[in-house]
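Student: Sharing work-v4.cif here; it has mmCIF, C-alpha atoms.
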```
data_final
#
loop_
_atom_site.label_atom_id
_atom_site.label_comp_id
_atom_site.auth_asym_id
_atom_site.auth_seq_id
_atom_site.Cartn_x
_atom_site.Cartn_y
_atom_site.Cartn_z
CA MET U 1 -68.81 -70.83 101.33
CA PRO U 2 -71.32 -69.84 98.65
CA PRO U 3 -70.04 -67.96 95.62
CA ILE U 4 -69.42 -64.29 96.38
CA ARG U 5 -71.73 -62.04 94.43
CA THR U 6 -70.15 -59.66 91.98
CA TYR U 7 -70.36 -55.87 91.62
CA HIS U 8 -73.32 -55.94 89.26
CA ASP U 9 -75.19 -58.37 91.51
CA LEU U 10 -75.33 -55.75 94.24
CA THR U 11 -78.14 -53.39 93.40
CA ASP U 12 -78.85 -51.54 96.66
CA ALA U 13 -78.73 -47.78 96.45
CA ASP U 14 -75.16 -46.54 96.80
CA ARG U 15 -74.96 -43.32 98.79
CA SER U 16 -71.74 -42.30 97.07
CA GLY U 17 -73.44 -42.66 93.72
CA LEU U 18 -70.19 -42.24 91.83
CA PRO U 19 -71.69 -43.35 88.49
CA GLU U 20 -74.54 -40.90 89.05
CA GLN U 21 -72.05 -38.13 89.82
CA ILE U 22 -70.20 -38.87 86.61
CA GLY U 23 -73.53 -38.94 84.79
CA ALA U 24 -74.40 -35.54 86.22
CA GLN U 25 -71.10 -34.17 84.95
CA ARG U 26 -71.88 -35.44 81.47
CA ARG U 27 -75.37 -33.95 81.56
CA ARG U 28 -73.89 -30.64 82.65
CA VAL U 29 -71.67 -30.65 79.56
CA ALA U 30 -74.58 -31.61 77.31
CA ASP U 31 -76.83 -28.94 78.80
CA ARG U 32 -74.17 -26.29 78.37
CA LEU U 33 -73.52 -27.20 74.77
CA ALA U 34 -77.20 -27.49 73.88
CA GLY U 35 -77.03 -23.97 72.50
CA VAL U 36 -73.98 -24.66 70.37
CA GLY U 37 -74.67 -25.40 66.73
CA ARG U 38 -71.58 -27.45 66.11
CA VAL U 39 -68.40 -28.38 67.90
CA ILE U 40 -65.26 -28.65 65.80
CA ALA U 41 -61.99 -30.00 67.12
CA VAL U 42 -58.97 -28.48 65.41
CA MET U 43 -56.29 -31.11 65.69
CA SER U 44 -53.14 -32.59 64.29
CA GLY U 45 -50.95 -35.41 65.39
CA LYS U 46 -48.01 -33.05 64.94
CA GLY U 47 -46.86 -30.15 67.05
CA GLY U 48 -45.82 -26.83 65.62
CA VAL U 49 -48.01 -26.91 62.54
CA GLY U 50 -50.06 -23.91 63.58
CA LYS U 51 -53.26 -25.34 65.02
CA SER U 52 -53.82 -22.48 67.41
CA TYR U 53 -52.96 -19.91 64.78
CA VAL U 54 -55.42 -21.48 62.34
CA THR U 55 -58.06 -21.83 65.05
CA ALA U 56 -57.84 -18.20 66.10
CA HIS U 57 -57.92 -16.77 62.59
CA LEU U 58 -60.64 -19.13 61.45
CA ALA U 59 -62.72 -18.09 64.46
CA ARG U 60 -62.22 -14.44 63.63
CA ALA U 61 -63.18 -15.00 60.02
CA LEU U 62 -66.35 -16.83 61.04
CA ALA U 63 -67.20 -14.05 63.46
CA ARG U 64 -66.66 -11.40 60.80
CA SER U 65 -69.09 -13.28 58.59
CA GLY U 66 -71.74 -12.81 61.23
CA ARG U 67 -71.58 -16.07 63.11
CA ALA U 68 -71.42 -16.44 66.87
CA VAL U 69 -68.16 -18.21 67.57
CA GLY U 70 -66.37 -19.50 70.63
CA VAL U 71 -62.90 -20.94 71.07
CA LEU U 72 -61.96 -23.31 73.84
CA ASP U 73 -58.23 -23.56 74.31
CA ALA U 74 -57.86 -27.26 75.05
CA ASP U 75 -54.09 -27.01 75.17
CA LEU U 76 -54.01 -26.90 78.94
CA ASN U 77 -50.23 -27.02 79.21
CA GLY U 78 -49.35 -24.62 76.42
CA PRO U 79 -52.29 -22.25 76.07
CA THR U 80 -51.90 -19.51 73.47
CA ILE U 81 -55.41 -18.56 72.40
CA PRO U 82 -55.75 -15.42 74.59
CA ARG U 83 -52.68 -13.89 72.98
CA LEU U 84 -53.82 -14.86 69.47
CA LEU U 85 -57.25 -13.33 70.10
CA ASP U 86 -55.87 -10.22 71.82
CA VAL U 87 -57.50 -10.98 75.15
CA PRO U 88 -55.87 -9.12 78.05
CA HIS U 89 -56.10 -10.70 81.46
CA ALA U 90 -59.10 -9.81 83.53
CA PRO U 91 -60.78 -11.77 86.31
CA ARG U 92 -63.55 -13.87 84.84
CA PRO U 93 -66.93 -12.86 86.22
CA THR U 94 -68.22 -15.85 88.12
CA HIS U 95 -71.83 -16.74 88.78
CA ALA U 96 -73.58 -19.68 90.32
CA ASP U 97 -74.04 -21.34 86.95
CA GLY U 98 -70.58 -20.71 85.52
CA ILE U 99 -67.97 -18.16 84.53
CA GLU U 100 -68.24 -15.75 81.66
CA PRO U 101 -65.97 -16.34 78.67
CA ALA U 102 -63.64 -13.58 77.57
CA VAL U 103 -64.47 -11.77 74.37
CA GLY U 104 -61.57 -11.37 71.99
CA ALA U 105 -60.87 -9.93 68.56
CA ASP U 106 -63.89 -9.69 66.27
CA GLY U 107 -66.15 -10.71 69.15
CA VAL U 108 -64.92 -14.27 69.46
CA LYS U 109 -65.72 -15.73 72.88
CA CYS U 110 -62.93 -17.73 74.41
CA ILE U 111 -61.70 -19.52 77.47
CA SER U 112 -58.23 -20.74 78.19
CA MET U 113 -56.23 -22.11 81.07
CA ALA U 114 -53.92 -19.16 80.44
CA MET U 115 -56.62 -16.96 81.99
CA LEU U 116 -56.61 -19.00 85.17
CA LEU U 117 -52.90 -19.59 85.73
CA GLU U 118 -50.26 -17.30 87.14
CA ASP U 119 -48.31 -15.57 84.38
CA GLY U 120 -45.66 -17.91 83.07
CA ALA U 121 -46.55 -20.69 85.50
CA PRO U 122 -46.98 -24.27 84.34
CA LEU U 123 -50.22 -26.08 85.01
CA ALA U 124 -49.50 -27.86 88.29
CA PHE U 125 -51.81 -29.71 90.61
CA LYS U 126 -51.87 -30.26 94.33
CA GLY U 127 -51.27 -33.86 95.27
CA PRO U 128 -48.61 -36.48 95.72
CA SER U 129 -45.74 -35.99 93.30
CA ALA U 130 -44.72 -39.64 93.21
CA GLU U 131 -46.33 -41.54 90.35
CA SER U 132 -48.28 -38.44 89.40
CA PHE U 133 -48.73 -39.91 85.93
CA VAL U 134 -51.38 -42.15 87.49
CA TRP U 135 -53.75 -39.28 88.22
CA ARG U 136 -52.54 -36.30 86.19
CA GLY U 137 -54.32 -37.36 83.02
CA ALA U 138 -57.61 -37.71 84.88
CA MET U 139 -57.08 -34.31 86.48
CA GLU U 140 -56.49 -32.68 83.09
CA ALA U 141 -59.58 -34.38 81.71
CA SER U 142 -61.60 -32.91 84.59
CA ALA U 143 -60.19 -29.47 83.85
CA LEU U 144 -61.14 -29.89 80.21
CA ARG U 145 -64.64 -30.93 81.25
CA GLU U 146 -64.99 -27.82 83.36
CA LEU U 147 -63.82 -25.61 80.50
CA LEU U 148 -66.68 -27.08 78.49
CA SER U 149 -69.42 -27.22 81.09
CA ASP U 150 -68.71 -24.33 83.43
CA VAL U 151 -68.41 -21.49 80.93
CA THR U 152 -71.55 -19.57 80.05
CA TRP U 153 -71.08 -19.94 76.34
CA GLY U 154 -74.66 -18.99 75.52
CA THR U 155 -75.82 -19.56 71.98
CA LEU U 156 -73.04 -20.20 69.50
CA ASP U 157 -73.04 -21.21 65.88
CA THR U 158 -69.64 -22.82 66.24
CA LEU U 159 -67.36 -23.76 69.11
CA LEU U 160 -63.81 -24.44 68.00
CA LEU U 161 -61.67 -26.60 70.26
CA ASP U 162 -57.98 -25.95 69.89
CA LEU U 163 -56.32 -29.26 70.73
CA PRO U 164 -52.69 -29.81 71.70
CA PRO U 165 -50.47 -32.14 69.66
CA GLY U 166 -51.13 -35.83 70.01
CA MET U 167 -54.31 -37.77 70.54
CA GLN U 168 -54.86 -37.80 74.28
CA ARG U 169 -57.00 -34.69 74.49
CA TYR U 170 -59.08 -35.82 71.53
CA VAL U 171 -59.85 -39.13 73.25
CA GLU U 172 -60.80 -37.29 76.44
CA LEU U 173 -63.08 -35.04 74.43
CA CYS U 174 -64.89 -37.98 72.89
CA ASP U 175 -65.58 -39.36 76.35
CA ILE U 176 -66.63 -36.03 77.84
CA LEU U 177 -68.84 -35.05 74.93
CA GLY U 178 -70.37 -38.49 74.65
CA ALA U 179 -69.93 -38.38 70.91
CA PRO U 180 -66.90 -37.72 68.74
CA PRO U 181 -66.61 -34.11 67.58
CA ALA U 182 -66.16 -33.13 63.96
CA VAL U 183 -62.49 -32.72 63.18
CA LEU U 184 -60.60 -30.12 61.18
CA THR U 185 -57.05 -31.25 60.56
CA VAL U 186 -54.02 -29.00 60.26
CA THR U 187 -50.76 -30.08 58.67
CA ILE U 188 -47.76 -28.54 57.03
CA PRO U 189 -46.62 -29.81 53.61
CA THR U 190 -43.80 -32.09 54.78
CA ALA U 191 -43.91 -35.87 54.70
CA GLU U 192 -42.93 -35.96 58.37
CA SER U 193 -45.97 -33.96 59.29
CA GLY U 194 -48.09 -36.12 57.01
CA ASP U 195 -46.94 -39.25 58.84
CA ALA U 196 -48.01 -37.91 62.21
CA VAL U 197 -51.23 -36.36 61.00
CA ARG U 198 -52.20 -39.56 59.21
CA ARG U 199 -52.18 -41.47 62.48
CA ALA U 200 -54.30 -38.82 64.13
CA MET U 201 -56.82 -38.77 61.30
CA ARG U 202 -57.05 -42.53 61.31
CA ALA U 203 -57.67 -42.54 65.05
CA ALA U 204 -60.33 -39.86 64.70
CA ALA U 205 -62.01 -41.72 61.85
CA GLU U 206 -61.99 -44.96 63.83
CA ARG U 207 -63.61 -43.13 66.74
CA GLY U 208 -66.35 -41.98 64.39
CA SER U 209 -65.46 -38.32 63.98
CA LYS U 210 -66.54 -36.62 60.80
CA LEU U 211 -63.38 -35.45 59.04
CA LEU U 212 -64.21 -32.03 57.67
CA GLY U 213 -61.03 -31.59 55.71
CA ILE U 214 -57.46 -30.44 55.82
CA VAL U 215 -55.82 -27.08 56.25
CA GLU U 216 -52.31 -27.09 54.86
CA ASN U 217 -50.42 -24.42 56.72
CA MET U 218 -47.09 -22.70 55.99
CA THR U 219 -47.21 -23.39 52.28
CA GLY U 220 -44.99 -21.71 49.73
CA GLN U 221 -41.42 -21.21 50.75
CA GLY U 222 -39.65 -23.24 53.39
CA PHE U 223 -41.38 -26.56 53.54
CA GLU U 224 -41.49 -29.02 50.68
CA GLY U 225 -43.94 -31.84 50.26
CA SER U 226 -47.54 -32.66 49.47
CA ALA U 227 -48.91 -33.84 52.82
CA GLY U 228 -52.15 -31.94 52.37
CA ASP U 229 -52.98 -33.52 49.03
CA ASP U 230 -51.76 -36.95 50.09
CA LEU U 231 -53.94 -36.98 53.20
CA ALA U 232 -56.91 -35.56 51.35
CA GLN U 233 -56.73 -38.35 48.80
CA GLU U 234 -56.18 -41.05 51.39
CA PHE U 235 -59.12 -40.00 53.56
CA ALA U 236 -61.34 -38.72 50.74
CA VAL U 237 -61.66 -35.26 52.26
CA PRO U 238 -61.01 -31.84 50.75
CA VAL U 239 -58.04 -29.57 51.27
CA LEU U 240 -60.06 -26.68 52.62
CA ALA U 241 -57.28 -24.13 52.50
CA ARG U 242 -53.62 -23.67 51.85
CA ILE U 243 -52.32 -21.00 54.18
CA PRO U 244 -49.21 -19.12 53.04
CA TRP U 245 -46.69 -17.60 55.40
CA HIS U 246 -48.34 -14.24 55.14
CA PRO U 247 -52.06 -14.85 54.75
CA THR U 248 -54.55 -12.07 54.21
CA PRO U 249 -57.98 -11.75 55.80
CA ASP U 250 -59.39 -13.10 52.54
CA THR U 251 -57.44 -16.32 53.06
CA TRP U 252 -59.26 -16.92 56.32
CA SER U 253 -62.60 -15.79 54.98
CA ALA U 254 -62.30 -18.35 52.20
CA LEU U 255 -61.60 -21.07 54.72
CA GLY U 256 -64.52 -19.97 56.87
CA ALA U 257 -66.83 -20.03 53.89
CA ARG U 258 -65.98 -23.67 53.28
CA LEU U 259 -66.97 -24.79 56.76
CA MET M 1 -66.75 -49.69 94.43
CA LYS M 2 -69.09 -51.61 96.69
CA PHE M 3 -68.61 -53.64 99.83
CA LEU M 4 -70.26 -56.96 100.56
CA CYS M 5 -70.65 -58.52 103.98
CA VAL M 6 -69.80 -62.06 103.01
CA ASP M 7 -71.30 -63.65 106.11
CA CYS M 8 -74.67 -61.98 105.58
CA ASP M 9 -74.46 -61.74 101.79
CA LYS M 10 -75.60 -58.14 102.13
CA GLN M 11 -74.34 -54.99 100.49
CA MET M 12 -72.74 -52.75 103.09
CA ALA M 13 -73.93 -49.15 103.36
CA PHE M 14 -71.70 -46.09 103.36
CA GLU M 15 -71.47 -44.53 106.80
CA GLU M 16 -68.83 -41.85 107.08
CA ARG M 17 -65.91 -40.24 105.29
CA HIS M 18 -62.80 -38.90 106.98
CA LEU M 19 -60.12 -36.76 105.36
CA PRO M 20 -57.38 -36.42 107.98
CA GLY M 21 -55.50 -33.91 105.86
CA ASP M 22 -52.47 -36.02 105.02
CA GLY M 23 -53.78 -36.99 101.62
CA THR M 24 -55.33 -40.21 102.82
CA LEU M 25 -59.00 -40.99 103.05
CA ALA M 26 -61.01 -43.29 105.29
CA ALA M 27 -64.54 -44.32 104.45
CA THR M 28 -66.57 -46.61 106.66
CA PHE M 29 -69.25 -49.03 105.53
CA LYS M 30 -71.73 -50.92 107.72
CA CYS M 31 -73.58 -54.14 107.15
CA PRO M 32 -77.31 -53.43 107.55
CA THR M 33 -77.89 -56.93 108.88
CA CYS M 34 -75.14 -57.73 111.36
CA GLY M 35 -73.86 -54.20 111.97
CA ARG M 36 -70.28 -55.03 111.14
CA VAL M 37 -68.31 -51.95 110.12
CA VAL M 38 -65.32 -51.95 107.82
CA ALA M 39 -63.11 -49.06 106.80
CA MET M 40 -61.70 -48.47 103.35
CA LEU M 41 -58.37 -46.69 103.64
CA THR M 42 -56.81 -45.13 100.58
CA ASN M 43 -53.27 -43.86 100.20
CA PRO M 44 -52.62 -40.32 98.88
CA MET M 45 -52.29 -41.49 95.28
CA GLU M 46 -55.56 -43.39 95.39
CA THR M 47 -57.30 -40.48 97.08
CA GLN M 48 -55.96 -38.15 94.43
CA LEU M 49 -57.21 -40.39 91.65
CA VAL M 50 -60.75 -40.16 93.04
CA SER M 51 -60.44 -36.40 93.49
CA SER M 52 -59.25 -36.01 89.93
CA LEU M 53 -62.57 -37.34 88.70
CA GLY M 54 -64.43 -34.51 90.40
CA VAL M 55 -66.57 -36.87 92.48
CA GLU M 56 -67.18 -37.18 96.21
CA ILE M 57 -67.10 -40.49 98.04
CA GLY M 58 -70.19 -40.55 100.22
CA GLY M 59 -72.13 -38.49 97.73
CA ARG M 60 -72.45 -34.78 97.12
CA THR M 61 -74.08 -32.60 99.72
CA VAL M 62 -73.79 -29.44 97.67
CA PRO M 63 -74.03 -29.15 93.89
CA GLU M 64 -70.81 -29.07 91.95
CA GLN M 65 -69.49 -25.52 91.84
CA PRO M 66 -68.18 -23.91 88.64
CA PHE M 67 -64.57 -24.91 88.05
CA GLU M 68 -64.56 -26.79 91.32
CA THR M 69 -61.79 -29.19 90.37
CA VAL M 70 -59.60 -26.50 88.86
CA ARG M 71 -60.05 -24.22 91.84
CA LYS M 72 -59.47 -26.90 94.44
CA MET M 73 -56.66 -28.79 92.76
CA VAL M 74 -54.59 -26.40 90.62
CA SER M 75 -51.64 -25.14 92.63
CA THR M 76 -50.50 -22.49 90.16
CA GLY M 77 -53.78 -20.65 89.70
CA ARG M 78 -53.72 -16.87 89.72
CA ASP M 79 -55.30 -15.16 92.69
CA ASP M 80 -57.57 -12.94 90.64
CA ALA M 81 -58.73 -15.52 88.08
CA PHE M 82 -62.33 -15.45 89.25
CA ALA M 83 -64.40 -12.37 90.02
CA GLU M 84 -67.21 -13.57 92.23
CA SER M 85 -70.70 -12.27 91.69
CA THR M 86 -71.88 -10.58 94.87
CA SER M 87 -75.55 -10.88 94.01
CA GLN M 88 -75.57 -14.43 95.34
CA ASN M 89 -75.29 -13.32 98.94
CA GLY M 90 -78.41 -11.19 99.16
CA SER M 91 -78.85 -9.74 102.64
CA LEU M 92 -76.65 -12.35 104.27
CA SER M 93 -74.06 -10.94 106.62
CA TRP M 94 -70.73 -12.28 107.82
CA SER M 95 -69.49 -11.73 111.33
CA PRO M 96 -66.02 -10.14 111.61
CA GLU M 97 -64.65 -13.45 112.90
CA ALA M 98 -66.16 -15.33 109.96
CA GLN M 99 -64.73 -12.78 107.53
CA GLU M 100 -61.34 -13.15 109.14
CA ARG M 101 -61.55 -16.90 108.78
CA LEU M 102 -62.69 -16.65 105.19
CA ALA M 103 -59.76 -14.37 104.45
CA ARG M 104 -57.42 -17.21 105.34
CA VAL M 105 -58.82 -19.34 102.50
CA PRO M 106 -56.57 -19.11 99.42
CA ASN M 107 -57.79 -16.52 96.93
CA PHE M 108 -58.15 -19.01 94.11
CA VAL M 109 -60.94 -20.90 95.93
CA ARG M 110 -62.22 -18.25 98.32
CA GLY M 111 -65.14 -17.22 96.17
CA MET M 112 -66.30 -20.78 95.73
CA VAL M 113 -66.01 -21.50 99.44
CA LYS M 114 -67.85 -18.29 100.26
CA ARG M 115 -70.69 -19.22 97.95
CA ILE M 116 -70.99 -22.69 99.47
CA TYR M 117 -71.29 -21.23 102.98
CA ALA M 118 -73.72 -18.60 101.73
CA ASP M 119 -75.91 -21.19 100.03
CA TYR M 120 -75.84 -23.30 103.17
CA ALA M 121 -76.97 -20.35 105.29
CA LYS M 122 -79.68 -19.23 102.88
CA GLU M 123 -81.14 -22.71 102.62
CA ARG M 124 -81.46 -22.81 106.41
CA GLY M 125 -82.65 -19.25 106.94
CA ILE M 126 -79.45 -18.22 108.71
CA ALA M 127 -79.02 -14.44 108.58
CA GLU M 128 -75.44 -14.20 109.78
CA ILE M 129 -72.53 -16.51 109.09
CA THR M 130 -70.33 -17.02 112.12
CA PRO M 131 -67.42 -19.38 112.74
CA ALA M 132 -69.88 -21.71 114.47
CA VAL M 133 -72.06 -21.77 111.35
CA MET M 134 -68.98 -22.46 109.26
CA ASP M 135 -68.00 -25.35 111.52
CA THR M 136 -71.47 -26.83 111.30
CA ALA M 137 -71.53 -26.44 107.54
CA ARG M 138 -68.13 -28.07 107.22
CA ALA M 139 -69.30 -31.05 109.20
CA GLU M 140 -72.65 -31.36 107.46
CA LEU M 141 -71.42 -30.75 103.94
CA GLY M 142 -68.20 -32.69 104.13
CA LEU M 143 -66.09 -29.62 103.42
CA GLU M 144 -62.94 -30.93 105.00
CA GLY M 145 -60.05 -28.85 103.80
CA MET M 146 -62.18 -25.75 103.18
#
```
Using structure tokens, write down the structure from this file.

Tutor:
Amino acid sequence: MPPIRTYHDLTDADRSGLPEQIGAQRRRVADRLAGVGRVIAVMSGKGGVGKSYVTAHLARALARSGRAVGVLDADLNGPTIPRLLDVPHAPRPTHADGIEPAVGADGVKCISMAMLLEDGAPLAFKGPSAESFVWRGAMEASALRELLSDVTWGTLDTLLLDLPPGMQRYVELCDILGAPPAVLTVTIPTAESGDAVRRAMRAAAERGSKLLGIVENMTGQGFEGSAGDDLAQEFAVPVLARIPWHPTPDTWSALGARL
Amino acid sequence: MKFLCVDCDKQMAFEERHLPGDGTLAATFKCPTCGRVVAMLTNPMETQLVSSLGVEIGGRTVPEQPFETVRKMVSTGRDDAFAESTSQNGSLSWSPEAQERLARVPNFVRGMVKRIYADYAKERGIAEITPAVMDTARAELGLEGM
């Protein structure tokens, strides 16, 4: 028997065209984001450091300064952006080319899985429950892609992506966007937070993301440490803001002015 | 994924897709030279993995709809998450039987399904959507499960 040809040896047109379908999905994302000046992922390797809180207030500060801002709540399993931006539930107007984002406090456009799920319900998918870990990640990545490509964002100066803890969503974003997004890192002062955030920043840097700087949240009373300064020195990036427990609008405006 | 007829050393061509509704999928491929047909059978987990990518085996017959994956696959979506634009339907009418059938589609995906049928009818100059039109569209567009 002659050697069996391999996948790449077969070049006839494939009616399924799965690579072409994936390519079309990527183009859809690129086309949608063509009107977006810059995409910034707000991330941290650590949970509970206030990423969503920082994202929402930074977005509002940018909007108050006259910029067109959108927020995509990429925390599909624990979405909080609608509450932080004072967005009540309303059915999203849906057109052939996408759904309209909600408009929250200070005119910030936003989309979140919280708007699409039953109140209090977890994000659950139809499908076989056994070994669901095999496909659930891919399903979430598809949902993230649709949040990017199927929302009529229009023209924006900045689109902030509020990422959940960990690195998985960041890696998905890099693949979906086709290029690593700029990254704004949030930490709290403690060494424990610094340890987790360091890994995330290293991963983002290795992927090629531009590290914009660090926001040290919950400073002042309560948490001790110098994670913000330590990480800034290690990665040669600025500490863009230190957010106290009770920040004022000026705190956020100062952060917005540095971005 | 491609299929090779080893005897003929020819790439087999996709023929048909079947979704029996139990989570499995069957796709048939035919050798253009000898006519041999083989079927690829996937179990529910494998089928789900393909679905999770938002792609269609056999190719797309209608463009991807907004939030298609979320609307088809999320089981905890709220009924009133999407407010469908009515301007898409133009002068198209739905027979009472077709409306009744559409009403049985879960709310979360009803708007998307309605738009797909409406686009199908408009592209073919069909003025009224009836259950027969819906059946034909389902068969032609590969809308099993809708």

Student: Pick from M:Leu92, M:Leu19, M:Met112, M:Ala39: nearest to chain U, with only C-alpha atoms counted?

Tutor: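 Smallest separation from chain U among the options: M:Met112.
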
Student: Pull out every residue that the PyMOL selection byres ((chain M and resi 69) around 12) matches in the shown coordinates and put them as a short mmCIF file (atom, residue, chain, number, x, y, z; two decimals) with C-alpha atoms, in the coordinates of the input.

Tutor:
```cif
data_model
loop_
_atom_site.label_atom_id
_atom_site.label_comp_id
_atom_site.auth_asym_id
_atom_site.auth_seq_id
_atom_site.Cartn_x
_atom_site.Cartn_y
_atom_site.Cartn_z
CA GLN U 25 -71.10 -34.17 84.95
CA PHE U 125 -51.81 -29.71 90.61
CA LYS U 126 -51.87 -30.26 94.33
CA ALA U 138 -57.61 -37.71 84.88
CA MET U 139 -57.08 -34.31 86.48
CA GLU U 140 -56.49 -32.68 83.09
CA ALA U 141 -59.58 -34.38 81.71
CA SER U 142 -61.60 -32.91 84.59
CA ALA U 143 -60.19 -29.47 83.85
CA LEU U 144 -61.14 -29.89 80.21
CA ARG U 145 -64.64 -30.93 81.25
CA GLU U 146 -64.99 -27.82 83.36
CA LEU U 147 -63.82 -25.61 80.50
CA ASP U 150 -68.71 -24.33 83.43
CA GLN M 48 -55.96 -38.15 94.43
CA VAL M 50 -60.75 -40.16 93.04
CA SER M 51 -60.44 -36.40 93.49
CA SER M 52 -59.25 -36.01 89.93
CA LEU M 53 -62.57 -37.34 88.70
CA GLY M 54 -64.43 -34.51 90.40
CA VAL M 55 -66.57 -36.87 92.48
CA GLU M 56 -67.18 -37.18 96.21
CA GLU M 64 -70.81 -29.07 91.95
CA GLN M 65 -69.49 -25.52 91.84
CA PRO M 66 -68.18 -23.91 88.64
CA PHE M 67 -64.57 -24.91 88.05
CA GLU M 68 -64.56 -26.79 91.32
CA VAL M 70 -59.60 -26.50 88.86
CA ARG M 71 -60.05 -24.22 91.84
CA LYS M 72 -59.47 -26.90 94.44
CA MET M 73 -56.66 -28.79 92.76
CA VAL M 74 -54.59 -26.40 90.62
CA SER M 75 -51.64 -25.14 92.63
CA GLY M 77 -53.78 -20.65 89.70
CA PHE M 108 -58.15 -19.01 94.11
CA VAL M 109 -60.94 -20.90 95.93
CA MET M 112 -66.30 -20.78 95.73
#
```

Student: Residue by residue, what does the PyMOL selection byres ((chain U) within 8 of (chain M)) grab here? Present the result as a PyMOL selection string.

Tutor: chain U and resi 4-5+7+10+12+14-18+21-22+90-99+115-119+121-128+131-132+134-136+138-139+142-143+146-147+150

Student: Would you put the residues from that selection into a file with C-alpha atoms, as a PDB file, in the coordinates of the input?

Tutor:
```pdb
ATOM      1  CA  ILE U   4     -69.420 -64.290  96.380  1.00  0.00           C
ATOM      2  CA  ARG U   5     -71.730 -62.040  94.430  1.00  0.00           C
ATOM      3  CA  TYR U   7     -70.360 -55.870  91.620  1.00  0.00           C
ATOM      4  CA  LEU U  10     -75.330 -55.750  94.240  1.00  0.00           C
ATOM      5  CA  ASP U  12     -78.850 -51.540  96.660  1.00  0.00           C
ATOM      6  CA  ASP U  14     -75.160 -46.540  96.800  1.00  0.00           C
ATOM      7  CA  ARG U  15     -74.960 -43.320  98.790  1.00  0.00           C
ATOM      8  CA  SER U  16     -71.740 -42.300  97.070  1.00  0.00           C
ATOM      9  CA  GLY U  17     -73.440 -42.660  93.720  1.00  0.00           C
ATOM     10  CA  LEU U  18     -70.190 -42.240  91.830  1.00  0.00           C
ATOM     11  CA  GLN U  21     -72.050 -38.130  89.820  1.00  0.00           C
ATOM     12  CA  ILE U  22     -70.200 -38.870  86.610  1.00  0.00           C
ATOM     13  CA  ALA U  90     -59.100  -9.810  83.530  1.00  0.00           C
ATOM     14  CA  PRO U  91     -60.780 -11.770  86.310  1.00  0.00           C
ATOM     15  CA  ARG U  92     -63.550 -13.870  84.840  1.00  0.00           C
ATOM     16  CA  PRO U  93     -66.930 -12.860  86.220  1.00  0.00           C
ATOM     17  CA  THR U  94     -68.220 -15.850  88.120  1.00  0.00           C
ATOM     18  CA  HIS U  95     -71.830 -16.740  88.780  1.00  0.00           C
ATOM     19  CA  ALA U  96     -73.580 -19.680  90.320  1.00  0.00           C
ATOM     20  CA  ASP U  97     -74.040 -21.340  86.950  1.00  0.00           C
ATOM     21  CA  GLY U  98     -70.580 -20.710  85.520  1.00  0.00           C
ATOM     22  CA  ILE U  99     -67.970 -18.160  84.530  1.00  0.00           C
ATOM     23  CA  MET U 115     -56.620 -16.960  81.990  1.00  0.00           C
ATOM     24  CA  LEU U 116     -56.610 -19.000  85.170  1.00  0.00           C
ATOM     25  CA  LEU U 117     -52.900 -19.590  85.730  1.00  0.00           C
ATOM     26  CA  GLU U 118     -50.260 -17.300  87.140  1.00  0.00           C
ATOM     27  CA  ASP U 119     -48.310 -15.570  84.380  1.00  0.00           C
ATOM     28  CA  ALA U 121     -46.550 -20.690  85.500  1.00  0.00           C
ATOM     29  CA  PRO U 122     -46.980 -24.270  84.340  1.00  0.00           C
ATOM     30  CA  LEU U 123     -50.220 -26.080  85.010  1.00  0.00           C
ATOM     31  CA  ALA U 124     -49.500 -27.860  88.290  1.00  0.00           C
ATOM     32  CA  PHE U 125     -51.810 -29.710  90.610  1.00  0.00           C
ATOM     33  CA  LYS U 126     -51.870 -30.260  94.330  1.00  0.00           C
ATOM     34  CA  GLY U 127     -51.270 -33.860  95.270  1.00  0.00           C
ATOM     35  CA  PRO U 128     -48.610 -36.480  95.720  1.00  0.00           C
ATOM     36  CA  GLU U 131     -46.330 -41.540  90.350  1.00  0.00           C
ATOM     37  CA  SER U 132     -48.280 -38.440  89.400  1.00  0.00           C
ATOM     38  CA  VAL U 134     -51.380 -42.150  87.490  1.00  0.00           C
ATOM     39  CA  TRP U 135     -53.750 -39.280  88.220  1.00  0.00           C
ATOM     40  CA  ARG U 136     -52.540 -36.300  86.190  1.00  0.00           C
ATOM     41  CA  ALA U 138     -57.610 -37.710  84.880  1.00  0.00           C
ATOM     42  CA  MET U 139     -57.080 -34.310  86.480  1.00  0.00           C
ATOM     43  CA  SER U 142     -61.600 -32.910  84.590  1.00  0.00           C
ATOM     44  CA  ALA U 143     -60.190 -29.470  83.850  1.00  0.00           C
ATOM     45  CA  GLU U 146     -64.990 -27.820  83.360  1.00  0.00           C
ATOM     46  CA  LEU U 147     -63.820 -25.610  80.500  1.00  0.00           C
ATOM     47  CA  ASP U 150     -68.710 -24.330  83.430  1.00  0.00           C
TER      48      ASP U 150
END
```

Student: CA of Lys51 (chain U) and CA of Arg242 (chain U) are how many Å apart?

Tutor: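 These two atoms are separated by 13.3 Å.
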
Student: Report, in Å with one decimal, the straight-line distance from CA of Thr130 (chain M) to CA of Thr61 (chain M).

Tutor: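 Separation of CA of Thr130 (chain M) and CA of Thr61 (chain M): 20.3 Å.
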
Student: So how far away is CA of Arg27 (chain U) from CA of Val103 (chain U), in Å?

Tutor: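 Separating CA of Val103 (chain U) from CA of Arg27 (chain U) is a distance of 25.7 Å.
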
Student: Name the residues in contact with Asp106 (chain U) at a cut-off of 7 Å, using only C-alpha atoms, excluding same-chain residues fewer than 6 positions from it; report them as a ChimeraX atom specification.

Tutor: /U:60,63-64
